[in-house]
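Shown next: data-v6.pdb, containing PDB, C-alpha atoms.
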```
MODEL        1
ATOM      1  CA  MET A   1       5.840 -15.960  -2.759
ATOM      2  CA  GLN A   2       8.797 -15.826  -0.387
ATOM      3  CA  GLU A   3      12.000 -14.299  -1.713
ATOM      4  CA  ILE A   4      15.413 -15.310  -0.410
ATOM      5  CA  GLU A   5      18.024 -12.778  -1.317
ATOM      6  CA  ARG A   6      21.433 -11.617  -0.229
ATOM      7  CA  LYS A   7      22.602  -8.074  -0.661
ATOM      8  CA  PHE A   8      26.126  -6.649  -1.050
ATOM      9  CA  LEU A   9      27.875  -3.351  -1.520
ATOM     10  CA  VAL A  10      29.932  -3.083  -4.718
ATOM     11  CA  ASN A  11      33.668  -2.258  -4.749
ATOM     12  CA  ASN A  12      34.113  -0.855  -8.247
ATOM     13  CA  LEU A  13      32.456  -0.370 -11.624
ATOM     14  CA  ASP A  14      33.820  -3.545 -13.274
ATOM     15  CA  PHE A  15      30.354  -5.115 -13.075
ATOM     16  CA  LYS A  16      29.275  -2.879 -15.971
ATOM     17  CA  LYS A  17      31.550  -4.793 -18.377
ATOM     18  CA  GLU A  18      29.763  -8.019 -17.467
ATOM     19  CA  ALA A  19      26.203  -6.621 -17.563
ATOM     20  CA  SER A  20      23.783  -8.038 -20.128
ATOM     21  CA  SER A  21      21.281  -5.176 -19.857
ATOM     22  CA  SER A  22      20.421  -2.034 -17.933
ATOM     23  CA  ASN A  23      17.176  -0.188 -17.222
ATOM     24  CA  THR A  24      16.225   3.040 -15.539
ATOM     25  CA  ILE A  25      14.152   2.703 -12.366
ATOM     26  CA  ARG A  26      12.065   5.377 -10.713
ATOM     27  CA  GLN A  27      10.386   4.349  -7.493
ATOM     28  CA  ALA A  28       8.646   5.767  -4.467
ATOM     29  CA  PHE A  29       6.770   4.447  -1.459
ATOM     30  CA  ILE A  30       3.182   4.650  -0.279
ATOM     31  CA  SER A  31       4.284   2.926   2.931
ATOM     32  CA  ARG A  32       7.876   2.703   4.147
ATOM     33  CA  HIS A  33       7.018   0.686   7.244
ATOM     34  CA  PRO A  34       9.630  -2.146   7.284
ATOM     35  CA  GLU A  35       6.914  -4.733   8.063
ATOM     36  CA  ARG A  36       4.619  -3.614   5.244
ATOM     37  CA  THR A  37       6.219  -1.553   2.518
ATOM     38  CA  VAL A  38       4.158  -0.523  -0.505
ATOM     39  CA  ARG A  39       6.257   0.459  -3.523
ATOM     40  CA  VAL A  40       5.376   2.039  -6.858
ATOM     41  CA  ARG A  41       8.030   1.404  -9.503
ATOM     42  CA  GLN A  42       8.544   2.350 -13.112
ATOM     43  CA  TYR A  43      11.088  -0.036 -14.648
ATOM     44  CA  GLY A  44      11.953   0.976 -18.200
ATOM     45  CA  ASN A  45       8.576   1.045 -19.983
ATOM     46  CA  ARG A  46       6.741  -1.083 -17.435
ATOM     47  CA  ALA A  47       5.355  -0.370 -13.970
ATOM     48  CA  PHE A  48       4.637  -2.418 -10.867
ATOM     49  CA  LEU A  49       3.010  -2.182  -7.473
ATOM     50  CA  THR A  50       4.827  -4.253  -4.855
ATOM     51  CA  ILE A  51       3.978  -5.030  -1.244
ATOM     52  CA  LYS A  52       6.591  -6.573   1.035
ATOM     53  CA  GLY A  53       6.121  -7.953   4.516
ATOM     54  CA  LYS A  54       8.413  -8.331   7.480
ATOM     55  CA  SER A  55      11.860  -9.833   6.983
ATOM     56  CA  SER A  56      12.818 -13.078   8.655
ATOM     57  CA  GLU A  57      15.279 -12.747  11.533
ATOM     58  CA  ASP A  58      18.310 -13.436   9.303
ATOM     59  CA  GLY A  59      17.053 -10.878   6.791
ATOM     60  CA  THR A  60      16.978 -13.281   3.832
ATOM     61  CA  THR A  61      13.262 -14.074   3.521
ATOM     62  CA  ARG A  62      10.338 -11.724   3.083
ATOM     63  CA  MET A  63       6.772 -12.013   1.824
ATOM     64  CA  GLU A  64       6.529 -10.287  -1.556
ATOM     65  CA  TRP A  65       3.405  -9.585  -3.617
ATOM     66  CA  GLU A  66       3.660  -7.828  -6.973
ATOM     67  CA  LYS A  67       1.238  -6.754  -9.721
ATOM     68  CA  GLU A  68       2.028  -5.109 -13.035
ATOM     69  CA  ILE A  69       0.167  -1.831 -13.496
ATOM     70  CA  THR A  70      -0.012   0.611 -16.402
ATOM     71  CA  ILE A  71       2.267   3.656 -16.684
ATOM     72  CA  ALA A  72      -0.877   5.799 -16.264
ATOM     73  CA  GLU A  73      -1.747   4.021 -13.008
ATOM     74  CA  ALA A  74       1.833   4.421 -11.806
ATOM     75  CA  LYS A  75       1.597   8.157 -12.477
ATOM     76  CA  GLN A  76      -1.593   8.339 -10.410
ATOM     77  CA  LEU A  77       0.017   6.369  -7.566
ATOM     78  CA  PHE A  78       3.320   8.303  -7.635
ATOM     79  CA  ALA A  79       1.201  11.372  -6.854
ATOM     80  CA  VAL A  80       0.208   9.967  -3.444
ATOM     81  CA  CYS A  81       3.608   8.543  -2.480
ATOM     82  CA  GLU A  82       5.677   9.892   0.361
ATOM     83  CA  ASP A  83       8.443  12.341  -0.538
ATOM     84  CA  GLY A  84      11.787  10.815  -1.465
ATOM     85  CA  GLU A  85      11.724   9.276  -4.933
ATOM     86  CA  ILE A  86      14.562   6.928  -5.767
ATOM     87  CA  HIS A  87      16.250   7.016  -9.154
ATOM     88  CA  LYS A  88      18.693   4.305 -10.137
ATOM     89  CA  GLU A  89      20.012   2.273 -13.030
ATOM     90  CA  ARG A  90      19.676  -1.491 -12.734
ATOM     91  CA  TYR A  91      22.275  -3.700 -14.422
ATOM     92  CA  LEU A  92      21.712  -7.421 -14.814
ATOM     93  CA  VAL A  93      24.871  -9.498 -14.517
ATOM     94  CA  GLN A  94      24.671 -13.219 -15.335
ATOM     95  CA  LEU A  95      27.291 -15.390 -13.672
ATOM     96  CA  GLU A  96      26.995 -19.154 -14.016
ATOM     97  CA  ASP A  97      23.305 -19.885 -13.375
ATOM     98  CA  PHE A  98      22.813 -16.796 -11.223
ATOM     99  CA  THR A  99      21.699 -13.247 -11.918
ATOM    100  CA  PHE A 100      23.005 -10.317  -9.932
ATOM    101  CA  GLU A 101      20.839  -7.219  -9.973
ATOM    102  CA  VAL A 102      23.246  -4.320  -9.525
ATOM    103  CA  ASP A 103      21.685  -0.940  -8.723
ATOM    104  CA  GLU A 104      23.630   2.275  -9.250
ATOM    105  CA  PHE A 105      21.844   5.052  -7.368
ATOM    106  CA  PHE A 106      21.552   8.710  -8.354
ATOM    107  CA  GLY A 107      20.397  11.883  -6.633
ATOM    108  CA  GLU A 108      20.844  11.891  -2.868
ATOM    109  CA  ASN A 109      21.977   8.267  -2.974
ATOM    110  CA  LYS A 110      24.705   8.916  -5.553
ATOM    111  CA  GLY A 111      27.834   6.890  -4.795
ATOM    112  CA  LEU A 112      25.857   3.908  -3.560
ATOM    113  CA  ILE A 113      25.895   0.684  -5.601
ATOM    114  CA  ILE A 114      24.152  -2.425  -4.321
ATOM    115  CA  ALA A 115      24.205  -5.950  -5.772
ATOM    116  CA  GLU A 116      21.478  -8.449  -4.975
ATOM    117  CA  ILE A 117      21.248 -12.130  -5.718
ATOM    118  CA  GLU A 118      18.179 -14.343  -5.366
ATOM    119  CA  LEU A 119      18.803 -17.811  -4.002
ATOM    120  CA  SER A 120      16.712 -20.918  -3.573
ATOM    121  CA  SER A 121      17.928 -21.349  -0.002
ATOM    122  CA  ALA A 122      19.655 -18.994   2.406
ATOM    123  CA  ASN A 123      22.932 -20.913   2.413
ATOM    124  CA  GLN A 124      23.180 -21.832  -1.297
ATOM    125  CA  ALA A 125      26.697 -21.334  -2.784
ATOM    126  CA  PHE A 126      26.999 -18.645  -5.478
ATOM    127  CA  PRO A 127      29.782 -16.912  -7.487
ATOM    128  CA  LYS A 128      31.642 -14.042  -5.793
ATOM    129  CA  PRO A 129      33.154 -11.723  -8.407
ATOM    130  CA  ALA A 130      35.946  -9.309  -7.347
ATOM    131  CA  TRP A 131      33.613  -6.299  -7.517
ATOM    132  CA  LEU A 132      31.319  -7.837  -4.880
ATOM    133  CA  GLY A 133      31.932  -6.086  -1.540
ATOM    134  CA  LYS A 134      30.690  -6.188   2.032
ATOM    135  CA  GLU A 135      27.458  -8.059   2.677
ATOM    136  CA  VAL A 136      24.600  -5.885   3.933
ATOM    137  CA  THR A 137      21.782  -8.448   3.901
ATOM    138  CA  GLY A 138      19.218  -7.519   6.558
ATOM    139  CA  ASP A 139      20.755  -4.075   7.209
ATOM    140  CA  VAL A 140      17.604  -1.951   7.233
ATOM    141  CA  ARG A 141      19.533   1.202   6.211
ATOM    142  CA  PHE A 142      20.012  -0.296   2.749
ATOM    143  CA  TYR A 143      16.327  -1.012   2.186
ATOM    144  CA  ASN A 144      15.222   1.273  -0.635
ATOM    145  CA  SER A 145      12.311   2.299   1.590
ATOM    146  CA  GLN A 146      14.798   3.670   4.116
ATOM    147  CA  LEU A 147      17.176   5.145   1.505
ATOM    148  CA  SER A 148      14.293   7.251   0.229
ATOM    149  CA  LYS A 149      14.031   8.850   3.668
ATOM    150  CA  ASN A 150      17.609   8.689   4.969
ATOM    151  CA  PRO A 151      19.751   8.710   1.841
ATOM    152  CA  PHE A 152      23.301   7.460   1.472
ATOM    153  CA  SER A 153      24.694  11.019   1.332
ATOM    154  CA  GLY A 154      24.005  11.262   5.075
ATOM    155  CA  PHE A 155      25.833   8.048   6.016
ATOM    156  CA  SER A 156      28.950   8.622   8.126
ATOM    157  CA  ASP A 157      30.402   5.113   8.395
ATOM    158  CA  GLU A 158      33.829   4.649   6.845
ATOM    159  CA  ILE A 159      33.123   1.016   5.997
ATOM    160  CA  TYR A 160      31.509   1.859   2.667
ATOM    161  CA  ASN A 161      34.460   1.923   0.303
ATOM    162  CA  ILE A 162      32.420   2.875  -2.733
ATOM    163  CA  PRO A 163      34.216   4.159  -5.881
TER
ATOM    164  CA  MET B   1     -10.573   8.044 -10.803
ATOM    165  CA  GLN B   2     -11.848  10.688  -8.421
ATOM    166  CA  GLU B   3     -14.732   9.728  -6.175
ATOM    167  CA  ILE B   4     -17.211  12.274  -4.858
ATOM    168  CA  GLU B   5     -19.110  10.919  -1.929
ATOM    169  CA  ARG B   6     -21.083  12.111   1.044
ATOM    170  CA  LYS B   7     -21.291  10.181   4.266
ATOM    171  CA  PHE B   8     -24.004  10.112   6.948
ATOM    172  CA  LEU B   9     -24.770   8.460  10.226
ATOM    173  CA  VAL B  10     -27.950   6.357  10.245
ATOM    174  CA  ASN B  11     -30.855   6.961  12.672
ATOM    175  CA  ASN B  12     -32.534   3.569  12.722
ATOM    176  CA  LEU B  13     -32.673   0.160  11.050
ATOM    177  CA  ASP B  14     -35.472   0.963   8.577
ATOM    178  CA  PHE B  15     -32.933   0.967   5.736
ATOM    179  CA  LYS B  16     -32.828  -2.851   5.926
ATOM    180  CA  LYS B  17     -36.428  -3.079   4.583
ATOM    181  CA  GLU B  18     -35.379  -1.125   1.514
ATOM    182  CA  ALA B  19     -32.090  -2.948   0.882
ATOM    183  CA  SER B  20     -31.702  -4.914  -2.363
ATOM    184  CA  SER B  21     -28.706  -6.963  -1.167
ATOM    185  CA  SER B  22     -26.196  -7.372   1.611
ATOM    186  CA  ASN B  23     -22.657  -8.747   1.807
ATOM    187  CA  THR B  24     -20.161  -9.418   4.540
ATOM    188  CA  ILE B  25     -16.995  -7.311   4.444
ATOM    189  CA  ARG B  26     -13.724  -8.038   6.189
ATOM    190  CA  GLN B  27     -11.052  -5.414   5.746
ATOM    191  CA  ALA B  28      -7.739  -4.273   7.144
ATOM    192  CA  PHE B  29      -5.089  -1.725   6.302
ATOM    193  CA  ILE B  30      -1.487  -1.895   5.171
ATOM    194  CA  SER B  31      -1.327   1.889   5.504
ATOM    195  CA  ARG B  32      -3.772   3.994   7.520
ATOM    196  CA  HIS B  33      -2.117   7.309   6.648
ATOM    197  CA  PRO B  34      -5.052   9.597   5.688
ATOM    198  CA  GLU B  35      -3.153  10.842   2.596
ATOM    199  CA  ARG B  36      -2.304   7.340   1.345
ATOM    200  CA  THR B  37      -4.381   4.517   2.738
ATOM    201  CA  VAL B  38      -3.854   0.985   1.450
ATOM    202  CA  ARG B  39      -6.779  -1.342   2.128
ATOM    203  CA  VAL B  40      -7.235  -5.095   1.730
ATOM    204  CA  ARG B  41     -10.898  -6.084   1.533
ATOM    205  CA  GLN B  42     -12.795  -9.310   1.196
ATOM    206  CA  TYR B  43     -16.313  -8.521  -0.049
ATOM    207  CA  GLY B  44     -18.490 -11.625  -0.128
ATOM    208  CA  ASN B  45     -16.543 -14.035  -2.378
ATOM    209  CA  ARG B  46     -14.368 -11.387  -4.000
ATOM    210  CA  ALA B  47     -11.330  -9.437  -2.821
ATOM    211  CA  PHE B  48      -9.817  -6.064  -3.647
ATOM    212  CA  LEU B  49      -6.735  -3.961  -2.991
ATOM    213  CA  THR B  50      -7.565  -0.254  -2.792
ATOM    214  CA  ILE B  51      -5.321   2.790  -2.486
ATOM    215  CA  LYS B  52      -6.814   6.168  -1.603
ATOM    216  CA  GLY B  53      -5.122   9.552  -1.639
ATOM    217  CA  LYS B  54      -5.686  12.740   0.269
ATOM    218  CA  SER B  55      -9.208  14.158   0.576
ATOM    219  CA  SER B  56     -10.082  17.510  -0.933
ATOM    220  CA  GLU B  57     -10.631  20.314   1.592
ATOM    221  CA  ASP B  58     -14.407  19.801   1.654
ATOM    222  CA  GLY B  59     -13.879  16.054   2.157
ATOM    223  CA  THR B  60     -15.922  14.996  -0.891
ATOM    224  CA  THR B  61     -13.198  14.121  -3.416
ATOM    225  CA  ARG B  62     -10.352  11.644  -3.108
ATOM    226  CA  MET B  63      -8.092   9.784  -5.531
ATOM    227  CA  GLU B  64      -9.037   6.098  -5.538
ATOM    228  CA  TRP B  65      -7.262   3.207  -7.257
ATOM    229  CA  GLU B  66      -8.604  -0.328  -6.976
ATOM    230  CA  LYS B  67      -7.649  -3.773  -8.310
ATOM    231  CA  GLU B  68      -9.442  -7.052  -7.849
ATOM    232  CA  ILE B  69      -7.213  -9.726  -6.322
ATOM    233  CA  THR B  70      -7.783 -13.398  -5.551
ATOM    234  CA  ILE B  71      -8.949 -14.622  -2.139
ATOM    235  CA  ALA B  72      -5.540 -16.330  -1.810
ATOM    236  CA  GLU B  73      -3.748 -13.029  -2.441
ATOM    237  CA  ALA B  74      -6.017 -11.290   0.061
ATOM    238  CA  LYS B  75      -5.093 -13.901   2.653
ATOM    239  CA  GLN B  76      -1.392 -13.262   2.004
ATOM    240  CA  LEU B  77      -1.905  -9.500   2.289
ATOM    241  CA  PHE B  78      -4.132  -9.662   5.395
ATOM    242  CA  ALA B  79      -1.146 -11.295   7.109
ATOM    243  CA  VAL B  80       0.946  -8.118   6.753
ATOM    244  CA  CYS B  81      -1.827  -5.628   7.648
ATOM    245  CA  GLU B  82      -1.792  -3.529  10.768
ATOM    246  CA  ASP B  83      -3.839  -4.773  13.703
ATOM    247  CA  GLY B  84      -7.486  -3.713  13.757
ATOM    248  CA  GLU B  85      -9.547  -5.667  11.248
ATOM    249  CA  ILE B  86     -12.960  -4.250  10.444
ATOM    250  CA  HIS B  87     -15.978  -6.496  10.081
ATOM    251  CA  LYS B  88     -19.238  -5.116   8.735
ATOM    252  CA  GLU B  89     -22.306  -5.941   6.671
ATOM    253  CA  ARG B  90     -22.913  -3.763   3.633
ATOM    254  CA  TYR B  91     -26.496  -3.183   2.497
ATOM    255  CA  LEU B  92     -27.241  -1.622  -0.889
ATOM    256  CA  VAL B  93     -30.300   0.621  -0.913
ATOM    257  CA  GLN B  94     -31.566   1.930  -4.285
ATOM    258  CA  LEU B  95     -33.521   5.165  -4.141
ATOM    259  CA  GLU B  96     -34.463   6.855  -7.404
ATOM    260  CA  ASP B  97     -31.282   6.693  -9.512
ATOM    261  CA  PHE B  98     -29.002   6.583  -6.493
ATOM    262  CA  THR B  99     -27.441   3.805  -4.459
ATOM    263  CA  PHE B 100     -26.752   4.168  -0.765
ATOM    264  CA  GLU B 101     -24.114   1.843   0.652
ATOM    265  CA  VAL B 102     -25.091   1.316   4.279
ATOM    266  CA  ASP B 103     -22.464  -0.309   6.510
ATOM    267  CA  GLU B 104     -23.458  -1.908   9.805
ATOM    268  CA  PHE B 105     -20.305  -2.424  11.854
ATOM    269  CA  PHE B 106     -19.512  -5.263  14.251
ATOM    270  CA  GLY B 107     -16.838  -5.941  16.848
ATOM    271  CA  GLU B 108     -15.366  -2.845  18.459
ATOM    272  CA  ASN B 109     -17.377  -0.648  16.101
ATOM    273  CA  LYS B 110     -20.707  -2.259  16.996
ATOM    274  CA  GLY B 111     -23.494   0.324  17.151
ATOM    275  CA  LEU B 112     -22.090   2.349  14.285
ATOM    276  CA  ILE B 113     -24.006   2.495  10.990
ATOM    277  CA  ILE B 114     -22.790   4.687   8.145
ATOM    278  CA  ALA B 115     -24.521   5.454   4.833
ATOM    279  CA  GLU B 116     -22.550   6.650   1.831
ATOM    280  CA  ILE B 117     -23.749   7.990  -1.495
ATOM    281  CA  GLU B 118     -21.641   8.579  -4.600
ATOM    282  CA  LEU B 119     -22.452  11.726  -6.552
ATOM    283  CA  SER B 120     -21.343  13.153  -9.875
ATOM    284  CA  SER B 121     -20.758  16.570  -8.312
ATOM    285  CA  ALA B 122     -20.366  17.703  -4.706
ATOM    286  CA  ASN B 123     -23.617  19.671  -4.661
ATOM    287  CA  GLN B 124     -25.856  17.298  -6.632
ATOM    288  CA  ALA B 125     -29.353  16.845  -5.109
ATOM    289  CA  PHE B 126     -30.175  13.343  -3.821
ATOM    290  CA  PRO B 127     -32.988  11.606  -1.869
ATOM    291  CA  LYS B 128     -32.922  11.915   1.941
ATOM    292  CA  PRO B 129     -34.806   9.026   3.547
ATOM    293  CA  ALA B 130     -35.960   9.365   7.191
ATOM    294  CA  TRP B 131     -33.263   6.959   8.420
ATOM    295  CA  LEU B 132     -30.505   9.220   7.063
ATOM    296  CA  GLY B 133     -28.918  11.081   9.985
ATOM    297  CA  LYS B 134     -26.183  13.616  10.642
ATOM    298  CA  GLU B 135     -23.690  14.216   7.842
ATOM    299  CA  VAL B 136     -20.094  13.213   8.669
ATOM    300  CA  THR B 137     -18.479  13.779   5.269
ATOM    301  CA  GLY B 138     -14.818  14.629   5.753
ATOM    302  CA  ASP B 139     -14.814  13.722   9.461
ATOM    303  CA  VAL B 140     -11.616  11.702   9.638
ATOM    304  CA  ARG B 141     -12.839   9.735  12.705
ATOM    305  CA  PHE B 142     -15.314   7.947  10.462
ATOM    306  CA  TYR B 143     -12.750   6.845   7.916
ATOM    307  CA  ASN B 144     -12.574   3.061   8.153
ATOM    308  CA  SER B 145      -8.796   3.433   8.379
ATOM    309  CA  GLN B 146      -9.261   5.393  11.617
ATOM    310  CA  LEU B 147     -12.084   3.214  12.966
ATOM    311  CA  SER B 148      -9.724   0.235  12.757
ATOM    312  CA  LYS B 149      -7.415   2.022  15.194
ATOM    313  CA  ASN B 150      -9.775   4.154  17.287
ATOM    314  CA  PRO B 151     -13.064   2.274  17.166
ATOM    315  CA  PHE B 152     -16.531   3.665  17.750
ATOM    316  CA  SER B 153     -16.775   2.029  21.191
ATOM    317  CA  GLY B 154     -14.332   4.670  22.434
ATOM    318  CA  PHE B 155     -16.283   7.681  21.108
ATOM    319  CA  SER B 156     -17.667   9.915  23.838
ATOM    320  CA  ASP B 157     -19.752  12.423  21.825
ATOM    321  CA  GLU B 158     -23.445  12.370  22.537
ATOM    322  CA  ILE B 159     -24.305  13.459  19.004
ATOM    323  CA  TYR B 160     -24.373   9.917  17.647
ATOM    324  CA  ASN B 161     -27.953   8.852  18.258
ATOM    325  CA  ILE B 162     -27.448   5.383  16.870
ATOM    326  CA  PRO B 163     -30.117   2.723  17.580
TER
ENDMDL
END
```

Would you mind writing the file out in structure tokens?
Amino acid sequence: MQEIERKFLVNNLDFKKEASSSNTIRQAFISRHPERTVRVRQYGNRAFLTIKGKSSEDGTTRMEWEKEITIAEAKQLFAVCEDGEIHKERYLVQLEDFTFEVDEFFGENKGLIIAEIELSSANQAFPKPAWLGKEVTGDVRFYNSQLSKNPFSGFSDEIYNIP
Amino acid sequence: MQEIERKFLVNNLDFKKEASSSNTIRQAFISRHPERTVRVRQYGNRAFLTIKGKSSEDGTTRMEWEKEITIAEAKQLFAVCEDGEIHKERYLVQLEDFTFEVDEFFGENKGLIIAEIELSSANQAFPKPAWLGKEVTGDVRFYNSQLSKNPFSGFSDEIYNIP
């Protein structure tokens, strides 16, 4: 299926008050190539293998294929991943009929918080809470595949006003 | 699971008389990295996604994870693979309690025939028919992942006395 999503930095921690759930995510990559990433993810007690294709020119659409795997399979696949595991906590925030996935990163990406929303079309209107910051849709640096290699701690830009 | 296999070039086409079946294989790679290859394969009417890890030092053992996928999923995944599809015919040859998988390559790898046998230990004895040629176990050039990039037609060695 094609996914259409927009991605934003987050201005403050107020989103946590609105979150309906949170889960720990551990993930790593077998391929970090932006046109064909292969991701192994443990999400709470479940695990998934996900393959993503090349992004569309506006960065909103990307082929995505995903299969649930067992925790034992994930363990086997984590062993062959490239260095650079990502650890984060994912909060789900429901606003109107939309769900924001808000990821608070740890380790070398500590300080980075990213909110993502899935839309049915690239220009669909959606709620914009006060904690929602600068849009980074299509900015390759904020792909998890890139953050695992070039983490947020090495970013120099002053535009990321993260709490 | 770990697979222990030995790989050989093939001297002539006599193996076809002994083959119990043959199937057309089309395959391509999402990752060709020798320590983490990701392969999409259509095998007759079935399709598979396979991830292989790093080979042991003697080249006989390698982590292998495989899941059957639908032909529709394979089509979706072929679209994101790297260039360099491999097309070959796989013959199964039963000898004693062993099965040789003999792959006759087409396209840019035409002329290359490789036989593989799976063993329960690296030094297990096995039948050696007259058509079985030089051993190439562990020779990275004969990995399908490498043949898709640097095909047999470009090999210059005179040691490959292929029919």

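Within 8 Å of chain A, and using only C-alpha atoms, the residues found on chain B are Ile30, Ser31, Glu35, Arg36, Gly53, Lys54, Trp65, Leu77, Val80 and Cys81 of chain B.
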
Just say which residues the PyMOL selection byres ((chain B and resi 5) around 10) picks in this file, as a tab-separated table (two decimals) with C-alpha atoms, in the coordinates of the input.
```
chain	number	residue	atom	x	y	z
B	2	GLN	CA	-11.85	10.69	-8.42
B	3	GLU	CA	-14.73	9.73	-6.18
B	4	ILE	CA	-17.21	12.27	-4.86
B	6	ARG	CA	-21.08	12.11	1.04
B	7	LYS	CA	-21.29	10.18	4.27
B	59	GLY	CA	-13.88	16.05	2.16
B	60	THR	CA	-15.92	15.00	-0.89
B	61	THR	CA	-13.20	14.12	-3.42
B	62	ARG	CA	-10.35	11.64	-3.11
B	116	GLU	CA	-22.55	6.65	1.83
B	117	ILE	CA	-23.75	7.99	-1.50
B	118	GLU	CA	-21.64	8.58	-4.60
B	119	LEU	CA	-22.45	11.73	-6.55
B	120	SER	CA	-21.34	13.15	-9.88
B	121	SER	CA	-20.76	16.57	-8.31
B	122	ALA	CA	-20.37	17.70	-4.71
B	137	THR	CA	-18.48	13.78	5.27
B	138	GLY	CA	-14.82	14.63	5.75
```

Q) Separation of CA of Ala28 (chain A) and CA of Phe105 (chain A), in Å? A)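 Computed distance, CA of Ala28 (chain A) to CA of Phe105 (chain A), equals 13.5 Å.
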
Q | Phe152 (chain B) surroundings by only C-alpha atoms, 9 Å radius, close-in-sequence under 2 positions cut, as a list of chain:residue names | A |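 Using only C-alpha atoms, the neighbours found are B:Glu108, B:Asn109, B:Lys110, B:Gly111, B:Leu112, B:Arg141, B:Phe142, B:Leu147, B:Asn150, B:Gly154, B:Phe155, B:Ser156.
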
Q.
One number please: CA of Ser56 (chain A) to CA of Ala115 (chain A), in Å, one decimal.
A. 19.7 Å

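Computed from the coordinates, the CA of Thr70 (chain B) to CA of Phe98 (chain B) distance equals 29.2 Å.
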
Q | Closest of B:Arg46, B:Phe78, B:Arg39, B:Lys128 to Leu95 (chain B) - atom-to-atom distances counting all atoms listed in the file | A |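 Between B:Arg46, B:Phe78, B:Arg39, B:Lys128, the residue approaching Leu95 (chain B) most closely is B:Lys128.
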
(Q) My list of candidates is A:Ala125, A:Ala47, A:Ser55, A:Phe15. Which is closest to Pro34 (chain A) when distances are computed with only C-alpha atoms? (A) A:Ser55

(Q) Suppose a student applies the PyMOL selection byres ((chain B and resi 14) around 12) to this structure; what residues should they get, written as a PyMOL selection string? (A) chain B and resi 10-13+15-19+91+93+102+113+129-132+163

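For the set A:Ala72, A:Phe126, A:Ser20, A:Ile114, the residue with the smallest atom-to-atom gap to Tyr143 (chain A) is A:Ile114, counting all atoms listed in the file.
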
Q | Residues selected by the PyMOL selection byres ((chain B and resi 90) around 7), written as a count of residues only | A | 12

So that I can look at just that part, could you write region 67-95 of chain A with C-alpha atoms, as a PDB file, in the first residue's frame?
```
ATOM      1  CA  LYS A  67       4.827  -8.347   7.838  1.00  0.00           C
ATOM      2  CA  GLU A  68       4.469  -9.267  11.491  1.00  0.00           C
ATOM      3  CA  ILE A  69       7.235 -11.586  12.669  1.00  0.00           C
ATOM      4  CA  THR A  70       7.868 -13.314  15.994  1.00  0.00           C
ATOM      5  CA  ILE A  71      10.088 -11.817  18.710  1.00  0.00           C
ATOM      6  CA  ALA A  72      12.466 -14.756  18.106  1.00  0.00           C
ATOM      7  CA  GLU A  73      12.690 -13.912  14.397  1.00  0.00           C
ATOM      8  CA  ALA A  74      13.264 -10.254  15.239  1.00  0.00           C
ATOM      9  CA  LYS A  75      16.143 -11.270  17.506  1.00  0.00           C
ATOM     10  CA  GLN A  76      17.684 -13.282  14.667  1.00  0.00           C
ATOM     11  CA  LEU A  77      17.272 -10.363  12.241  1.00  0.00           C
ATOM     12  CA  PHE A  78      18.543  -7.704  14.685  1.00  0.00           C
ATOM     13  CA  ALA A  79      21.788  -9.701  14.715  1.00  0.00           C
ATOM     14  CA  VAL A  80      22.421  -8.956  11.023  1.00  0.00           C
ATOM     15  CA  CYS A  81      21.333  -5.305  11.056  1.00  0.00           C
ATOM     16  CA  GLU A  82      23.709  -2.441  10.488  1.00  0.00           C
ATOM     17  CA  ASP A  83      25.056  -0.685  13.580  1.00  0.00           C
ATOM     18  CA  GLY A  84      22.927   2.133  14.958  1.00  0.00           C
ATOM     19  CA  GLU A  85      19.857   0.828  16.769  1.00  0.00           C
ATOM     20  CA  ILE A  86      17.126   3.346  17.449  1.00  0.00           C
ATOM     21  CA  HIS A  87      15.305   3.417  20.767  1.00  0.00           C
ATOM     22  CA  LYS A  88      12.230   5.569  21.207  1.00  0.00           C
ATOM     23  CA  GLU A  89       8.885   5.813  22.936  1.00  0.00           C
ATOM     24  CA  ARG A  90       5.851   6.163  20.690  1.00  0.00           C
ATOM     25  CA  TYR A  91       2.831   8.088  21.977  1.00  0.00           C
ATOM     26  CA  LEU A  92      -0.491   7.938  20.171  1.00  0.00           C
ATOM     27  CA  VAL A  93      -2.450  11.183  20.276  1.00  0.00           C
ATOM     28  CA  GLN A  94      -6.027  11.178  18.947  1.00  0.00           C
ATOM     29  CA  LEU A  95      -7.316  14.530  17.745  1.00  0.00           C
TER      30      LEU A  95
END
```
